[in-house]
file upload-v4.txt (compact mmCIF, N, CA and C atoms)
# COMPACT_ATOMS: atom_id res chain seq x y z
N MET A 83 42.13 -125.54 215.93
CA MET A 83 42.10 -126.89 215.41
C MET A 83 40.88 -127.09 214.50
N ARG A 84 39.77 -126.50 214.92
CA ARG A 84 38.54 -126.68 214.15
C ARG A 84 38.66 -126.03 212.77
N SER A 85 39.29 -124.87 212.67
CA SER A 85 39.45 -124.22 211.37
C SER A 85 40.38 -125.01 210.46
N TRP A 86 41.36 -125.69 211.04
CA TRP A 86 42.28 -126.52 210.27
C TRP A 86 41.54 -127.68 209.61
N THR A 87 40.63 -128.34 210.33
CA THR A 87 39.87 -129.46 209.76
C THR A 87 38.89 -128.96 208.71
N SER A 88 38.32 -127.78 208.93
CA SER A 88 37.41 -127.20 207.92
C SER A 88 38.17 -126.88 206.64
N LEU A 89 39.37 -126.35 206.80
CA LEU A 89 40.20 -126.03 205.64
C LEU A 89 40.61 -127.31 204.90
N ALA A 90 40.96 -128.33 205.64
CA ALA A 90 41.34 -129.61 205.03
C ALA A 90 40.14 -130.24 204.32
N SER A 91 38.96 -130.15 204.92
CA SER A 91 37.75 -130.69 204.29
C SER A 91 37.42 -129.94 203.00
N ALA A 92 37.56 -128.63 203.03
CA ALA A 92 37.30 -127.83 201.83
C ALA A 92 38.29 -128.17 200.73
N GLY A 93 39.56 -128.36 201.10
CA GLY A 93 40.57 -128.74 200.11
C GLY A 93 40.29 -130.11 199.52
N ALA A 94 39.89 -131.06 200.36
CA ALA A 94 39.56 -132.40 199.87
C ALA A 94 38.36 -132.37 198.94
N LEU A 95 37.38 -131.54 199.26
CA LEU A 95 36.20 -131.40 198.40
C LEU A 95 36.59 -130.80 197.05
N ALA A 96 37.46 -129.81 197.07
CA ALA A 96 37.90 -129.20 195.81
C ALA A 96 38.65 -130.20 194.94
N LEU A 97 39.51 -131.01 195.55
CA LEU A 97 40.24 -132.04 194.79
C LEU A 97 39.28 -133.09 194.23
N LEU A 98 38.29 -133.47 195.01
CA LEU A 98 37.31 -134.45 194.56
C LEU A 98 36.53 -133.93 193.36
N LEU A 99 36.09 -132.69 193.41
CA LEU A 99 35.35 -132.11 192.29
C LEU A 99 36.22 -131.97 191.05
N ALA A 100 37.49 -131.60 191.24
CA ALA A 100 38.40 -131.51 190.09
C ALA A 100 38.62 -132.88 189.48
N GLY A 101 38.72 -133.91 190.31
CA GLY A 101 38.89 -135.27 189.80
C GLY A 101 37.67 -135.72 189.02
N CYS A 102 36.48 -135.38 189.51
CA CYS A 102 35.25 -135.75 188.80
C CYS A 102 35.20 -135.08 187.43
N ALA A 103 35.63 -133.84 187.35
CA ALA A 103 35.64 -133.13 186.07
C ALA A 103 36.61 -133.79 185.09
N LEU A 104 37.76 -134.23 185.58
CA LEU A 104 38.73 -134.91 184.71
C LEU A 104 38.20 -136.25 184.21
N VAL A 105 37.53 -136.98 185.08
CA VAL A 105 36.95 -138.26 184.67
C VAL A 105 35.86 -138.04 183.63
N HIS A 106 35.06 -137.00 183.82
CA HIS A 106 33.99 -136.71 182.86
C HIS A 106 34.55 -136.37 181.48
N GLU A 107 35.69 -135.68 181.43
CA GLU A 107 36.31 -135.34 180.15
C GLU A 107 36.86 -136.56 179.43
N GLN A 108 37.15 -137.62 180.16
CA GLN A 108 37.72 -138.82 179.57
C GLN A 108 36.66 -139.80 179.07
N ALA A 109 35.40 -139.43 179.16
CA ALA A 109 34.34 -140.30 178.65
C ALA A 109 34.56 -140.53 177.16
N PRO A 110 34.49 -141.78 176.70
CA PRO A 110 34.84 -142.07 175.32
C PRO A 110 33.87 -141.51 174.28
N GLY A 111 32.66 -141.21 174.66
CA GLY A 111 31.68 -140.69 173.71
C GLY A 111 30.38 -141.45 173.86
N GLU A 112 29.63 -141.51 172.77
CA GLU A 112 28.36 -142.23 172.82
C GLU A 112 28.12 -142.95 171.51
N LEU A 113 27.40 -144.03 171.61
CA LEU A 113 27.02 -144.83 170.45
C LEU A 113 25.51 -144.93 170.45
N VAL A 114 24.89 -144.49 169.35
CA VAL A 114 23.43 -144.47 169.26
C VAL A 114 23.00 -145.33 168.08
N VAL A 115 21.98 -146.17 168.31
CA VAL A 115 21.40 -146.96 167.24
C VAL A 115 20.31 -146.12 166.60
N ARG A 116 20.53 -145.69 165.34
CA ARG A 116 19.54 -144.86 164.64
C ARG A 116 18.44 -145.71 164.03
N GLY A 117 18.77 -146.92 163.66
CA GLY A 117 17.77 -147.78 163.06
C GLY A 117 18.24 -149.22 163.03
N ALA A 118 17.28 -150.12 162.96
CA ALA A 118 17.60 -151.54 162.88
C ALA A 118 16.51 -152.22 162.07
N ARG A 119 16.94 -153.19 161.25
CA ARG A 119 15.95 -153.94 160.49
C ARG A 119 16.48 -155.33 160.19
N PHE A 120 15.55 -156.27 160.03
CA PHE A 120 15.88 -157.63 159.65
C PHE A 120 15.73 -157.75 158.14
N ILE A 121 16.73 -158.37 157.51
CA ILE A 121 16.69 -158.59 156.07
C ILE A 121 16.64 -160.10 155.83
N PRO A 122 15.50 -160.58 155.32
CA PRO A 122 15.39 -162.02 155.07
C PRO A 122 16.25 -162.43 153.87
N ALA A 123 16.85 -163.60 153.98
CA ALA A 123 17.67 -164.14 152.89
C ALA A 123 17.42 -165.63 152.83
N VAL A 124 17.94 -166.26 151.78
CA VAL A 124 17.74 -167.69 151.58
C VAL A 124 18.39 -168.50 152.70
N ASP A 125 19.60 -168.09 153.10
CA ASP A 125 20.34 -168.85 154.10
C ASP A 125 20.11 -168.36 155.54
N GLY A 126 19.20 -167.44 155.76
CA GLY A 126 18.90 -166.96 157.10
C GLY A 126 18.57 -165.48 157.08
N THR A 127 18.38 -164.93 158.24
CA THR A 127 18.03 -163.51 158.38
C THR A 127 19.25 -162.73 158.84
N THR A 128 19.40 -161.54 158.28
CA THR A 128 20.51 -160.65 158.64
C THR A 128 19.95 -159.44 159.36
N LEU A 129 20.64 -159.03 160.41
CA LEU A 129 20.27 -157.82 161.14
C LEU A 129 21.14 -156.68 160.63
N GLU A 130 20.51 -155.63 160.12
CA GLU A 130 21.23 -154.44 159.65
C GLU A 130 21.01 -153.31 160.63
N LEU A 131 22.12 -152.71 161.09
CA LEU A 131 22.06 -151.63 162.06
C LEU A 131 22.59 -150.34 161.46
N ALA A 132 21.95 -149.23 161.77
CA ALA A 132 22.46 -147.90 161.42
C ALA A 132 22.93 -147.27 162.73
N LEU A 133 24.25 -147.09 162.86
CA LEU A 133 24.83 -146.60 164.11
C LEU A 133 25.36 -145.18 163.93
N ASP A 134 25.29 -144.42 164.99
CA ASP A 134 25.86 -143.07 165.03
C ASP A 134 26.83 -143.03 166.20
N CYS A 135 28.11 -142.82 165.91
CA CYS A 135 29.15 -142.81 166.93
C CYS A 135 29.73 -141.41 167.05
N ARG A 136 29.67 -140.86 168.25
CA ARG A 136 30.25 -139.54 168.52
C ARG A 136 31.32 -139.70 169.59
N LEU A 137 32.57 -139.50 169.19
CA LEU A 137 33.67 -139.65 170.11
C LEU A 137 33.96 -138.33 170.82
N SER A 138 34.46 -138.43 172.05
CA SER A 138 34.87 -137.23 172.77
C SER A 138 36.20 -136.74 172.21
N GLY A 139 36.60 -135.55 172.58
CA GLY A 139 37.84 -134.97 172.08
C GLY A 139 39.07 -135.81 172.34
N PRO A 140 39.34 -136.24 173.59
CA PRO A 140 40.53 -137.04 173.84
C PRO A 140 40.53 -138.37 173.11
N MET A 141 39.36 -139.00 172.98
CA MET A 141 39.28 -140.29 172.30
C MET A 141 39.53 -140.11 170.81
N SER A 142 38.99 -139.06 170.23
CA SER A 142 39.20 -138.78 168.81
C SER A 142 40.67 -138.47 168.54
N ASP A 143 41.30 -137.70 169.44
CA ASP A 143 42.72 -137.39 169.28
C ASP A 143 43.58 -138.64 169.35
N ALA A 144 43.22 -139.56 170.24
CA ALA A 144 43.98 -140.80 170.37
C ALA A 144 43.87 -141.65 169.11
N LEU A 145 42.69 -141.70 168.52
CA LEU A 145 42.52 -142.48 167.29
C LEU A 145 43.26 -141.83 166.12
N ASP A 146 43.27 -140.51 166.07
CA ASP A 146 44.03 -139.81 165.03
C ASP A 146 45.52 -140.09 165.15
N ALA A 147 46.03 -140.07 166.38
CA ALA A 147 47.46 -140.32 166.60
C ALA A 147 47.81 -141.76 166.25
N ALA A 148 46.91 -142.69 166.52
CA ALA A 148 47.18 -144.11 166.24
C ALA A 148 47.16 -144.40 164.75
N SER A 149 46.41 -143.62 163.98
CA SER A 149 46.30 -143.89 162.54
C SER A 149 47.46 -143.30 161.75
N ARG A 150 48.29 -142.50 162.38
CA ARG A 150 49.42 -141.89 161.67
C ARG A 150 50.58 -142.83 161.53
call {"tool": "encode", "arguments": {"input": "upload-v4.txt", "output": "structure tokens"}}
result
Amino acid sequence: MRSWTSLASAGALALLLAGCALVHEQAPGELVVRGARFIPAVDGTTLELALDCRLSGPMSDALDAASR
């Protein structure tokens, strides 16, 4: 009986780790602010941002399929 529970625990752990790997692959990517500055104007101030967006493979593939 004890070996059966150990085997079941090991199987559950393997499934949990596989699930974590799948979730990690589905991360959408990252968005980084490279720079920011305020630009004064007559009617107010404008915030200008320089962004760097890196999408993960599945997210990039989904956007490619949607644009077709």
call {"tool": "residues_around", "arguments": {"input": "upload-v4.txt", "residues": "Ala118 in chain A", "least_positions_apart": "3", "cutoff": "10 Å", "atoms": "only C-alpha atoms", "output": "count of residues only"}}
result
7
call {"tool": "atom_distance", "arguments": {"input": "upload-v4.txt", "atom1": "CA of Gly139 in chain A", "atom2": "CA of Glu112 in chain A"}}
result
12.0 Å
call {"tool": "atom_distance", "arguments": {"input": "upload-v4.txt", "atom1": "atom C of Cys135 in chain A", "atom2": "atom N of Gly111 in chain A"}}
result
8.2 Å
call {"tool": "atom_distance", "arguments": {"input": "upload-v4.txt", "atom1": "atom N of Ser138 in chain A", "atom2": "atom C of Val114 in chain A"}}
result
14.0 Å
call {"tool": "axis_aligned_box", "arguments": {"input": "upload-v4.txt", "around": "range 137-150 of chain A", "padding_each_side": "8 Å", "output": "lines of an AutoDock Vina configuration file"}}
result
center_x = 41.6
center_y = -139.7
center_z = 167.7
size_x = 34.0
size_y = 25.4
size_z = 28.3
